[in-house]
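Visitor: Sharing final_0.cif here; it has mmCIF, C-alpha atoms and all ligand atoms.
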```cif
data_model
#
loop_
_atom_site.label_atom_id
_atom_site.label_comp_id
_atom_site.auth_asym_id
_atom_site.auth_seq_id
_atom_site.Cartn_x
_atom_site.Cartn_y
_atom_site.Cartn_z
CA MET A 1405 139.64 64.18 82.67
CA PRO A 1406 138.58 67.68 83.82
CA PRO A 1407 141.37 69.98 85.03
CA VAL A 1408 141.98 70.05 88.78
CA SER A 1409 140.28 73.09 90.30
CA PRO A 1410 142.84 75.57 91.64
CA THR A 1411 140.82 75.73 94.82
CA ALA A 1412 140.37 71.97 95.32
CA ALA A 1413 140.75 70.82 98.91
CA LEU A 1414 144.43 70.30 99.61
CA GLY A 1415 144.09 68.29 102.82
CA HIS A 1416 145.79 69.19 106.09
CA GLY A 1417 148.70 71.57 106.41
CA VAL A 1418 150.61 73.90 108.68
CA GLY A 1419 151.84 77.46 108.55
CA LEU A 1420 155.50 77.19 107.52
CA ARG A 1421 157.62 78.84 110.22
CA ARG A 1422 161.37 79.30 109.91
CA PRO A 1423 162.40 77.17 112.94
CA HIS A 1424 160.77 74.18 111.20
CA TRP A 1425 162.04 74.65 107.64
CA ALA A 1426 164.91 72.13 107.62
CA GLU A 1427 163.21 69.51 109.77
CA LEU A 1428 159.95 69.57 107.82
CA LEU A 1429 161.80 69.19 104.52
CA GLN A 1430 163.19 65.92 105.91
CA GLN A 1431 159.68 64.53 106.42
CA PRO A 1432 157.56 66.26 103.78
CA GLU A 1433 154.92 63.54 103.80
CA ARG A 1434 153.73 64.67 107.24
CA VAL A 1435 151.75 67.56 105.75
CA ASP A 1436 149.62 67.81 102.62
CA PHE A 1437 150.29 71.49 101.99
CA VAL A 1438 151.89 74.55 103.59
CA GLU A 1439 150.90 78.17 103.98
CA LEU A 1440 153.58 80.84 103.55
CA LEU A 1441 153.27 84.16 105.33
CA ALA A 1442 153.86 86.13 102.15
CA ASP A 1443 155.21 89.19 103.97
CA ASN A 1444 158.18 87.15 105.21
CA PHE A 1445 159.16 86.19 101.64
CA LEU A 1446 158.41 89.25 99.51
CA GLY A 1447 161.46 90.78 97.91
CA ARG A 1448 163.80 88.50 99.83
CA GLY A 1449 166.78 86.72 98.33
CA GLY A 1450 168.96 84.26 100.21
CA ALA A 1451 167.41 81.63 102.41
CA PRO A 1452 163.75 82.74 101.99
CA ALA A 1453 164.11 82.65 98.18
CA ARG A 1454 165.74 79.22 98.31
CA MET A 1455 163.00 78.00 100.64
CA ALA A 1456 160.32 79.32 98.29
CA ASP A 1457 161.83 77.17 95.56
CA ARG A 1458 161.97 74.12 97.85
CA VAL A 1459 158.33 74.65 98.73
CA ARG A 1460 157.37 74.58 95.06
CA GLU A 1461 159.23 71.28 94.61
CA THR A 1462 157.79 69.72 97.76
CA TRP A 1463 154.19 70.67 98.58
CA PRO A 1464 151.15 72.46 97.24
CA CYS A 1465 151.15 75.86 98.93
CA VAL A 1466 148.97 78.88 99.61
CA LEU A 1467 149.91 82.48 100.45
CA HIS A 1468 148.63 84.41 103.45
CA GLY A 1469 149.33 88.06 104.20
CA VAL A 1470 148.87 90.66 106.89
CA ALA A 1471 149.79 93.90 105.12
CA LEU A 1472 147.19 94.42 102.40
CA SER A 1473 144.95 96.63 104.56
CA ILE A 1474 141.88 95.88 102.47
CA GLY A 1475 139.70 98.11 104.65
CA GLY A 1476 142.13 101.00 104.97
CA PRO A 1477 141.80 104.51 103.58
CA ALA A 1478 145.07 104.55 101.60
CA PRO A 1479 145.09 103.46 97.94
CA LEU A 1480 145.97 99.79 97.55
CA ASP A 1481 149.69 99.21 97.12
CA THR A 1482 149.95 97.80 93.61
CA ASP A 1483 153.68 97.14 94.00
CA TYR A 1484 152.85 94.94 96.99
CA LEU A 1485 150.21 93.07 94.99
CA ASP A 1486 152.61 92.58 92.09
CA ALA A 1487 155.17 91.15 94.51
CA VAL A 1488 152.55 88.77 95.92
CA ALA A 1489 151.68 87.66 92.38
CA ALA A 1490 155.39 87.08 91.63
CA LEU A 1491 155.75 85.00 94.81
CA ALA A 1492 152.69 83.00 93.80
CA ARG A 1493 154.24 82.28 90.40
CA ARG A 1494 157.50 81.26 92.05
CA THR A 1495 155.87 78.91 94.55
CA GLY A 1496 152.91 77.73 92.48
CA ALA A 1497 150.58 79.02 95.20
CA ARG A 1498 146.93 78.05 94.74
CA TRP A 1499 145.43 81.18 96.33
CA TYR A 1500 146.21 84.26 98.40
CA THR A 1501 144.39 85.51 101.47
CA ASP A 1502 144.46 88.45 103.87
CA HIS A 1503 142.15 89.71 106.62
CA VAL A 1504 138.99 91.80 106.83
CA CYS A 1505 140.67 94.70 108.61
CA PHE A 1506 143.00 97.60 108.04
CA SER A 1507 146.68 97.57 108.93
CA ASN A 1508 147.94 100.90 107.68
CA ALA A 1509 146.47 104.37 107.48
CA PHE A 1510 147.72 107.79 106.45
CA GLY A 1511 151.17 106.42 105.70
CA VAL A 1512 151.58 104.69 109.06
CA GLU A 1513 152.06 100.93 109.41
CA LEU A 1514 149.99 99.97 112.44
CA HIS A 1515 151.45 96.45 112.85
CA GLU A 1516 147.99 95.38 113.98
CA LEU A 1517 144.94 93.93 112.23
CA VAL A 1518 142.48 96.67 113.17
CA PRO A 1519 138.81 95.67 112.81
CA LEU A 1520 136.37 97.58 110.63
CA PRO A 1521 133.00 98.95 111.72
CA CYS A 1522 130.27 96.68 110.36
CA THR A 1523 128.62 99.36 108.26
CA ARG A 1524 127.25 99.41 104.71
CA GLU A 1525 129.79 102.07 103.83
CA ALA A 1526 132.59 99.71 104.92
CA VAL A 1527 131.03 96.91 102.85
CA ARG A 1528 131.04 99.12 99.73
CA HIS A 1529 134.62 100.23 100.42
CA VAL A 1530 135.96 96.69 100.89
CA VAL A 1531 134.02 95.26 97.94
CA GLU A 1532 135.45 97.90 95.64
CA ARG A 1533 138.97 97.23 96.85
CA VAL A 1534 138.65 93.44 96.61
CA LYS A 1535 137.63 93.92 92.98
CA GLN A 1536 140.80 95.99 92.48
CA VAL A 1537 142.87 93.21 94.06
CA GLN A 1538 141.26 90.56 91.87
CA ALA A 1539 141.83 92.64 88.73
CA ARG A 1540 145.49 93.18 89.63
CA LEU A 1541 146.16 89.52 90.49
CA GLY A 1542 144.26 88.10 87.54
CA PRO A 1543 142.10 84.99 87.42
CA GLY A 1544 145.01 82.61 88.00
CA LEU A 1545 145.37 83.56 91.65
CA PRO A 1546 142.06 83.42 93.58
CA PHE A 1547 141.79 85.84 96.50
CA GLY A 1548 140.13 85.24 99.85
CA LEU A 1549 139.42 87.18 103.02
CA GLU A 1550 139.75 85.88 106.57
CA ASN A 1551 137.31 86.69 109.36
CA ALA A 1552 139.29 88.47 112.06
CA THR A 1553 139.17 88.44 115.84
CA THR A 1554 137.72 91.61 117.30
CA TYR A 1555 137.89 92.84 120.85
CA LEU A 1556 135.46 95.72 120.52
CA ARG A 1557 132.27 96.62 118.71
CA PHE A 1558 131.68 100.02 117.14
CA PRO A 1559 128.63 102.12 118.00
CA GLN A 1560 128.28 102.76 114.24
CA ASP A 1561 127.73 99.04 113.48
CA GLU A 1562 124.69 98.51 111.24
CA LEU A 1563 125.20 94.79 110.51
CA GLY A 1564 126.11 91.72 112.51
CA GLU A 1565 129.56 90.33 111.75
CA ALA A 1566 128.25 87.36 109.77
CA GLU A 1567 126.01 89.60 107.66
CA PHE A 1568 128.90 92.06 107.17
CA LEU A 1569 131.20 89.28 105.94
CA THR A 1570 128.51 87.79 103.73
CA GLU A 1571 127.76 91.09 102.01
CA ILE A 1572 131.47 91.63 101.33
CA LEU A 1573 132.10 88.10 100.04
CA ASN A 1574 129.02 88.02 97.83
CA GLY A 1575 129.47 91.60 96.65
CA ALA A 1576 133.07 91.01 95.63
CA ASP A 1577 132.58 87.37 94.57
CA CYS A 1578 135.59 86.24 96.57
CA GLY A 1579 136.63 83.36 98.78
CA LEU A 1580 136.45 83.01 102.56
CA LEU A 1581 139.34 81.88 104.70
CA LEU A 1582 137.22 80.75 107.63
CA ASP A 1583 139.19 80.91 110.86
CA VAL A 1584 137.12 78.68 113.12
CA ASN A 1585 139.13 79.64 116.19
CA ASN A 1586 138.42 83.30 115.47
CA VAL A 1587 134.70 82.54 115.31
CA TYR A 1588 134.92 80.80 118.68
CA VAL A 1589 136.99 83.60 120.25
CA ASN A 1590 134.57 86.28 119.06
CA SER A 1591 131.56 84.21 120.14
CA VAL A 1592 132.82 84.08 123.72
CA ASN A 1593 134.09 87.66 123.90
CA HIS A 1594 130.96 89.13 122.31
CA GLY A 1595 128.41 86.57 123.50
CA PHE A 1596 126.89 84.93 120.42
CA ASP A 1597 126.22 81.36 119.24
CA PRO A 1598 129.19 80.25 117.10
CA ARG A 1599 127.16 77.59 115.31
CA ALA A 1600 124.51 80.10 114.27
CA PHE A 1601 127.33 82.34 113.06
CA ILE A 1602 128.75 79.53 110.90
CA ASP A 1603 125.25 78.79 109.56
CA ALA A 1604 124.84 82.43 108.53
CA LEU A 1605 127.98 82.49 106.36
CA PRO A 1606 128.07 81.73 102.61
CA LEU A 1607 129.83 78.41 103.18
CA ARG A 1608 130.14 77.67 99.45
CA ARG A 1609 132.77 80.40 99.43
CA VAL A 1610 135.08 78.70 101.96
CA LEU A 1611 138.50 78.32 100.35
CA GLN A 1612 140.36 77.23 103.44
CA ILE A 1613 140.00 76.84 107.19
CA HIS A 1614 142.37 78.09 109.91
CA LEU A 1615 142.60 76.50 113.34
CA ALA A 1616 144.72 77.69 116.27
CA GLY A 1617 145.00 77.88 120.02
CA HIS A 1618 143.96 80.83 122.15
CA GLU A 1619 144.41 81.91 125.78
CA TRP A 1620 142.42 83.66 128.50
CA VAL A 1621 143.86 86.98 129.67
CA ASP A 1622 142.01 88.98 132.37
CA GLY A 1623 138.58 87.60 131.46
CA THR A 1624 138.99 87.91 127.68
CA ILE A 1625 140.07 85.28 125.16
CA ILE A 1626 143.06 86.42 123.16
CA ASP A 1627 143.82 84.82 119.81
CA THR A 1628 147.47 84.10 120.57
CA HIS A 1629 148.24 81.19 118.21
CA GLY A 1630 150.55 80.00 120.96
CA THR A 1631 149.11 76.74 122.26
CA THR A 1632 147.02 73.70 121.32
CA MET A 1633 143.37 74.21 120.48
CA ILE A 1634 140.64 73.41 122.94
CA PRO A 1635 138.00 70.70 122.30
CA GLU A 1636 135.29 73.32 121.70
CA VAL A 1637 137.20 74.68 118.70
CA LEU A 1638 137.68 71.20 117.27
CA ASP A 1639 133.96 70.57 117.79
CA LEU A 1640 133.13 73.77 115.91
CA TYR A 1641 135.48 72.67 113.13
CA ALA A 1642 133.63 69.36 112.90
CA TYR A 1643 130.29 71.19 112.81
CA THR A 1644 131.61 73.33 109.96
CA LEU A 1645 132.96 70.40 107.95
CA GLU A 1646 129.62 68.66 108.15
CA ARG A 1647 128.21 71.61 106.22
CA THR A 1648 131.06 72.27 103.80
CA GLY A 1649 132.49 68.85 103.00
CA PRO A 1650 136.28 68.61 102.62
CA VAL A 1651 138.13 71.92 103.02
CA SER A 1652 141.86 72.61 103.03
CA THR A 1653 142.60 72.99 106.74
CA LEU A 1654 145.63 74.62 108.28
CA VAL A 1655 146.99 74.77 111.82
CA GLU A 1656 148.48 78.17 112.73
CA TRP A 1657 151.09 78.42 115.50
CA ASP A 1658 152.93 81.75 115.62
CA ASN A 1659 153.96 82.39 119.23
CA ARG A 1660 156.06 80.20 121.49
CA ILE A 1661 156.60 78.05 118.39
CA PRO A 1662 156.86 74.46 119.63
CA PRO A 1663 159.06 71.61 118.43
CA LEU A 1664 157.91 70.41 115.02
CA ASP A 1665 156.59 67.15 116.45
CA VAL A 1666 154.14 69.06 118.63
CA LEU A 1667 152.83 71.03 115.66
CA LEU A 1668 152.54 67.89 113.54
CA ALA A 1669 150.72 66.07 116.33
CA GLU A 1670 148.23 68.95 116.41
CA ASN A 1671 147.81 68.67 112.64
CA ASP A 1672 147.28 64.90 112.96
CA ARG A 1673 144.63 65.48 115.65
CA VAL A 1674 142.77 67.76 113.24
CA ARG A 1675 143.18 65.29 110.38
CA ALA A 1676 141.72 62.48 112.51
CA ARG A 1677 138.74 64.61 113.49
CA ALA A 1678 138.08 65.56 109.88
CA ALA A 1679 138.27 61.93 108.80
CA ALA A 1680 135.76 60.98 111.47
CA VAL A 1681 133.35 63.60 110.20
CA LEU A 1682 133.82 63.06 106.48
CA CYS A 1683 133.87 59.27 106.65
CA GLY A 1684 130.46 59.18 108.26
CA GLY A 1685 131.28 59.55 111.92
CA GLY A 1686 129.51 62.91 112.17
CA ALA A 1687 130.57 65.93 114.19
CA ALA A 1688 129.97 64.43 117.61
FE FE B 1701 143.79 82.72 111.01
#
```
Could you spell out this file's structure in structure tokens?
Guide:
Amino acid sequence: MPPVSPTAALGHGVGLRRPHWAELLQQPERVDFVELLADNFLGRGGAPARMADRVRETWPCVLHGVALSIGGPAPLDTDYLDAVAALARRTGARWYTDHVCFSNAFGVELHELVPLPCTREAVRHVVERVKQVQARLGPGLPFGLENATTYLRFPQDELGEAEFLTEILNGADCGLLLDVNNVYVNSVNHGFDPRAFIDALPLRRVLQIHLAGHEWVDGTIIDTHGTTMIPEVLDLYAYTLERTGPVSTLVEWDNRIPPLDVLLAENDRVRARAAAVLCGGGAA
């Protein structure tokens, strides 16, 4: 029998948030895998360390981060990457992802995922740094980048966002964490066709999908991760799955974290939609 691919589709999971730890451990069968926000576990003893060990015993898991700053000007933090790799060994994580953005510059933590200008210079910069990340992590921990939400465009932009992402992913030979809600949010805020955007991506590189809720604030959609997702996002997810086949899919909920049952119901709604698509029901 061939070995199981480290990036095989894991099914349907949720971002593991602390208010849900104990309750989810009592009903582990409700999710197929979990995603840990690596930054909340790195270098921590006590309860986070014990939870990391419980995760390893209980579910397949993946690591997601917000502090790598792959597009930033500062040298990559190799201590940070080594800590991520150690957490991956501890939890048995299948892969590690962060965002196409920068989050620190000139020694200052920005506490924001700041978008990059879609320029060829930025492509070269990010590709080079992804290769550094891959070399540091080694082949046992695949790395992927997530498409971010953006609320502005730069006058320096030379490429569309899909082309920008594609050149980075192909240039660095790395995975894509495709956040379908982010595609939808950007499509409304910037006025493009989200299905054409999906079609323009190198879908063979999709490691994982993120889904989440968003909210309207003063005429703009904000990616709040604080509510259920709208039908249009589920429809775009179905459209994507028709083109990718099964993909590990994760529901993110980071603000106004609801009771666990609400989060699991959202995950079950996604699971049902995926089953309808993949079992021949189509995206409609
Ligand atoms: Fe996401």
Visitor: Between A:Cys1578, A:Leu1556, A:Leu1615, A:Ala1412, which residue has the minimum interatomic distance to Asn1593 of chain A, considering only C-alpha atoms?
Guide: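 Closest to Asn1593 of chain A of all the choices is A:Leu1556.
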Visitor: Counting only C-alpha atoms and all ligand atoms, which residues of chain A fall within 10 Å of ligand FE 1701 (chain B), and what is the closest atom pair for each with its distance in Å at one decimal, ordered by chain and rising number, as a tab-separated table?
Guide:
```
residue	atom	partner	partner_atom	distance
A:Gly1419	CA	B:FE1701	FE	9.9
A:His1468	CA	B:FE1701	FE	9.1
A:Thr1501	CA	B:FE1701	FE	10.0
A:Asp1502	CA	B:FE1701	FE	9.2
A:His1503	CA	B:FE1701	FE	8.4
A:Glu1550	CA	B:FE1701	FE	6.8
A:Asn1551	CA	B:FE1701	FE	7.8
A:Ala1552	CA	B:FE1701	FE	7.4
A:Thr1553	CA	B:FE1701	FE	8.8
A:Leu1581	CA	B:FE1701	FE	7.8
A:Leu1582	CA	B:FE1701	FE	7.6
A:Asp1583	CA	B:FE1701	FE	4.9
A:Val1584	CA	B:FE1701	FE	8.1
A:Asn1585	CA	B:FE1701	FE	7.6
A:Asn1586	CA	B:FE1701	FE	7.0
A:Gln1612	CA	B:FE1701	FE	10.0
A:Ile1613	CA	B:FE1701	FE	8.0
A:His1614	CA	B:FE1701	FE	5.0
A:Leu1615	CA	B:FE1701	FE	6.7
A:Ala1616	CA	B:FE1701	FE	7.3
A:Asp1627	CA	B:FE1701	FE	9.0
A:His1629	CA	B:FE1701	FE	8.6
A:Leu1654	CA	B:FE1701	FE	8.7
A:Val1655	CA	B:FE1701	FE	8.6
A:Glu1656	CA	B:FE1701	FE	6.8
A:Trp1657	CA	B:FE1701	FE	9.6
```
Visitor: Mind checking which residues fall within 12 Å of Trp1499 of chain A, counting only C-alpha atoms, ignoring those fewer than 5 positions away in the same chain, and posting them as a PyMOL selection string?
Guide: chain A and resi 1409-1414+1438-1440+1442+1464-1469+1488-1489+1491-1493+1538+1541-1549+1578-1581+1611-1612+1652
Visitor: Deliver the residues from the most recent selection as a file, using C-alpha atoms, as a PDB file, in the frame of the given file.
Guide:
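The result, stored in result.pdb:
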```
ATOM      1  CA  SER A1409     140.280  73.090  90.300  1.00  0.00           C
ATOM      2  CA  PRO A1410     142.840  75.570  91.640  1.00  0.00           C
ATOM      3  CA  THR A1411     140.820  75.730  94.820  1.00  0.00           C
ATOM      4  CA  ALA A1412     140.370  71.970  95.320  1.00  0.00           C
ATOM      5  CA  ALA A1413     140.750  70.820  98.910  1.00  0.00           C
ATOM      6  CA  LEU A1414     144.430  70.300  99.610  1.00  0.00           C
ATOM      7  CA  VAL A1438     151.890  74.550 103.590  1.00  0.00           C
ATOM      8  CA  GLU A1439     150.900  78.170 103.980  1.00  0.00           C
ATOM      9  CA  LEU A1440     153.580  80.840 103.550  1.00  0.00           C
ATOM     10  CA  ALA A1442     153.860  86.130 102.150  1.00  0.00           C
ATOM     11  CA  PRO A1464     151.150  72.460  97.240  1.00  0.00           C
ATOM     12  CA  CYS A1465     151.150  75.860  98.930  1.00  0.00           C
ATOM     13  CA  VAL A1466     148.970  78.880  99.610  1.00  0.00           C
ATOM     14  CA  LEU A1467     149.910  82.480 100.450  1.00  0.00           C
ATOM     15  CA  HIS A1468     148.630  84.410 103.450  1.00  0.00           C
ATOM     16  CA  GLY A1469     149.330  88.060 104.200  1.00  0.00           C
ATOM     17  CA  VAL A1488     152.550  88.770  95.920  1.00  0.00           C
ATOM     18  CA  ALA A1489     151.680  87.660  92.380  1.00  0.00           C
ATOM     19  CA  LEU A1491     155.750  85.000  94.810  1.00  0.00           C
ATOM     20  CA  ALA A1492     152.690  83.000  93.800  1.00  0.00           C
ATOM     21  CA  ARG A1493     154.240  82.280  90.400  1.00  0.00           C
ATOM     22  CA  GLN A1538     141.260  90.560  91.870  1.00  0.00           C
ATOM     23  CA  LEU A1541     146.160  89.520  90.490  1.00  0.00           C
ATOM     24  CA  GLY A1542     144.260  88.100  87.540  1.00  0.00           C
ATOM     25  CA  PRO A1543     142.100  84.990  87.420  1.00  0.00           C
ATOM     26  CA  GLY A1544     145.010  82.610  88.000  1.00  0.00           C
ATOM     27  CA  LEU A1545     145.370  83.560  91.650  1.00  0.00           C
ATOM     28  CA  PRO A1546     142.060  83.420  93.580  1.00  0.00           C
ATOM     29  CA  PHE A1547     141.790  85.840  96.500  1.00  0.00           C
ATOM     30  CA  GLY A1548     140.130  85.240  99.850  1.00  0.00           C
ATOM     31  CA  LEU A1549     139.420  87.180 103.020  1.00  0.00           C
ATOM     32  CA  CYS A1578     135.590  86.240  96.570  1.00  0.00           C
ATOM     33  CA  GLY A1579     136.630  83.360  98.780  1.00  0.00           C
ATOM     34  CA  LEU A1580     136.450  83.010 102.560  1.00  0.00           C
ATOM     35  CA  LEU A1581     139.340  81.880 104.700  1.00  0.00           C
ATOM     36  CA  LEU A1611     138.500  78.320 100.350  1.00  0.00           C
ATOM     37  CA  GLN A1612     140.360  77.230 103.440  1.00  0.00           C
ATOM     38  CA  SER A1652     141.860  72.610 103.030  1.00  0.00           C
TER      39      SER A1652
END
```
Visitor: Go through A:Ala1497, A:Ala1471, A:Ala1426, A:Ala1539 one by one, measure the shortest atom-to-atom distance of each to Arg1454 of chain A using all atoms listed in the file, and give the residue with the smallest value.
Guide: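 Closest candidate: A:Ala1426.
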Visitor: Quick one: of A:Pro1606, A:Gly1417, A:Gly1649, A:Pro1452, who's nearest to Asn1671 of chain A, counting only C-alpha atoms?
Guide: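 Looking only at the distances to Asn1671 of chain A, the closest residue turns out to be A:Gly1417.
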Visitor: Calculated over only C-alpha atoms, which of the candidates A:Arg1448, A:Arg1599, A:Arg1608, A:Arg1557 has the smallest distance to Leu1573 of chain A?
Guide: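 Going through A:Arg1448, A:Arg1599, A:Arg1608, A:Arg1557 one by one, the smallest distance to Leu1573 of chain A is for A:Arg1608.
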Visitor: Taking (134.6, 93.4, 94.5) as a centre in this file's frame and 8 Å as the limit, can you find every polymer residue with an atom that close, using all atoms listed in the file, and give them as a JSON list (two decimals) with C-alpha atoms, keeping the file's coordinate frame?
Guide:
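So result.json came out as:
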```json
[["chain", "number", "residue", "atom", "x", "y", "z"],
["A", 1530, "VAL", "CA", 135.96, 96.69, 100.89],
["A", 1531, "VAL", "CA", 134.02, 95.26, 97.94],
["A", 1532, "GLU", "CA", 135.45, 97.90, 95.64],
["A", 1533, "ARG", "CA", 138.97, 97.23, 96.85],
["A", 1534, "VAL", "CA", 138.65, 93.44, 96.61],
["A", 1535, "LYS", "CA", 137.63, 93.92, 92.98],
["A", 1536, "GLN", "CA", 140.80, 95.99, 92.48],
["A", 1538, "GLN", "CA", 141.26, 90.56, 91.87],
["A", 1572, "ILE", "CA", 131.47, 91.63, 101.33],
["A", 1575, "GLY", "CA", 129.47, 91.60, 96.65],
["A", 1576, "ALA", "CA", 133.07, 91.01, 95.63],
["A", 1577, "ASP", "CA", 132.58, 87.37, 94.57],
["A", 1578, "CYS", "CA", 135.59, 86.24, 96.57]]
```
Visitor: Point out the residue among A:Arg1434, A:Arg1524, A:Arg1422, A:His1515 with the least atom-to-atom distance to Asp1672 of chain A, counting all atoms listed in the file.
Guide: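 Comparing A:Arg1434, A:Arg1524, A:Arg1422, A:His1515 against Asp1672 of chain A, the winner is A:Arg1434.
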Visitor: For Arg1528 of chain A, which of A:Leu1485, A:Val1470, A:Leu1569, A:Leu1441 is the closest residue, counting all atoms listed in the file?
Guide: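 Checking each of A:Leu1485, A:Val1470, A:Leu1569, A:Leu1441 against Arg1528 of chain A, counting all atoms listed in the file, the winner is A:Leu1569.
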Visitor: Atom CA of Phe1596 of chain A and atom CA of Tyr1555 of chain A, how far apart in Å?
Guide: 13.6 Å
Visitor: Using Å and a single decimal, report how far atom CA of Gly1617 of chain A sits from atom CA of Ile1474 of chain A.
Guide: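 Pair atom CA of Ile1474 of chain A / atom CA of Gly1617 of chain A returns 25.3 Å.
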Visitor: Using only C-alpha atoms, determine which residues lie at most 12 Å from Leu1640 of chain A, disregarding the query and same-chain residues fewer than 3 positions distant; provide the list as a compact mmCIF listing (two decimals) with C-alpha atoms, keeping the file's coordinate frame.
Guide:
```
# COMPACT_ATOMS: atom_id res chain seq x y z
CA LEU A 1582 137.22 80.75 107.63
CA ASP A 1583 139.19 80.91 110.86
CA VAL A 1584 137.12 78.68 113.12
CA ASN A 1585 139.13 79.64 116.19
CA ASN A 1586 138.42 83.30 115.47
CA VAL A 1587 134.70 82.54 115.31
CA TYR A 1588 134.92 80.80 118.68
CA VAL A 1589 136.99 83.60 120.25
CA SER A 1591 131.56 84.21 120.14
CA ASP A 1597 126.22 81.36 119.24
CA PRO A 1598 129.19 80.25 117.10
CA ARG A 1599 127.16 77.59 115.31
CA ALA A 1600 124.51 80.10 114.27
CA PHE A 1601 127.33 82.34 113.06
CA ILE A 1602 128.75 79.53 110.90
CA ASP A 1603 125.25 78.79 109.56
CA ILE A 1613 140.00 76.84 107.19
CA HIS A 1614 142.37 78.09 109.91
CA LEU A 1615 142.60 76.50 113.34
CA MET A 1633 143.37 74.21 120.48
CA ILE A 1634 140.64 73.41 122.94
CA PRO A 1635 138.00 70.70 122.30
CA GLU A 1636 135.29 73.32 121.70
CA VAL A 1637 137.20 74.68 118.70
CA TYR A 1643 130.29 71.19 112.81
CA THR A 1644 131.61 73.33 109.96
CA LEU A 1645 132.96 70.40 107.95
CA GLU A 1646 129.62 68.66 108.15
CA ARG A 1647 128.21 71.61 106.22
CA VAL A 1674 142.77 67.76 113.24
CA ARG A 1677 138.74 64.61 113.49
CA ALA A 1678 138.08 65.56 109.88
CA VAL A 1681 133.35 63.60 110.20
CA ALA A 1687 130.57 65.93 114.19
CA ALA A 1688 129.97 64.43 117.61
```
Visitor: So how many Å separate atom CA of Ala1679 of chain A and atom CA of Tyr1500 of chain A, to one decimal?
Guide: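 Taking atom CA of Ala1679 of chain A as the start and atom CA of Tyr1500 of chain A as the end point, the length is 25.9 Å.
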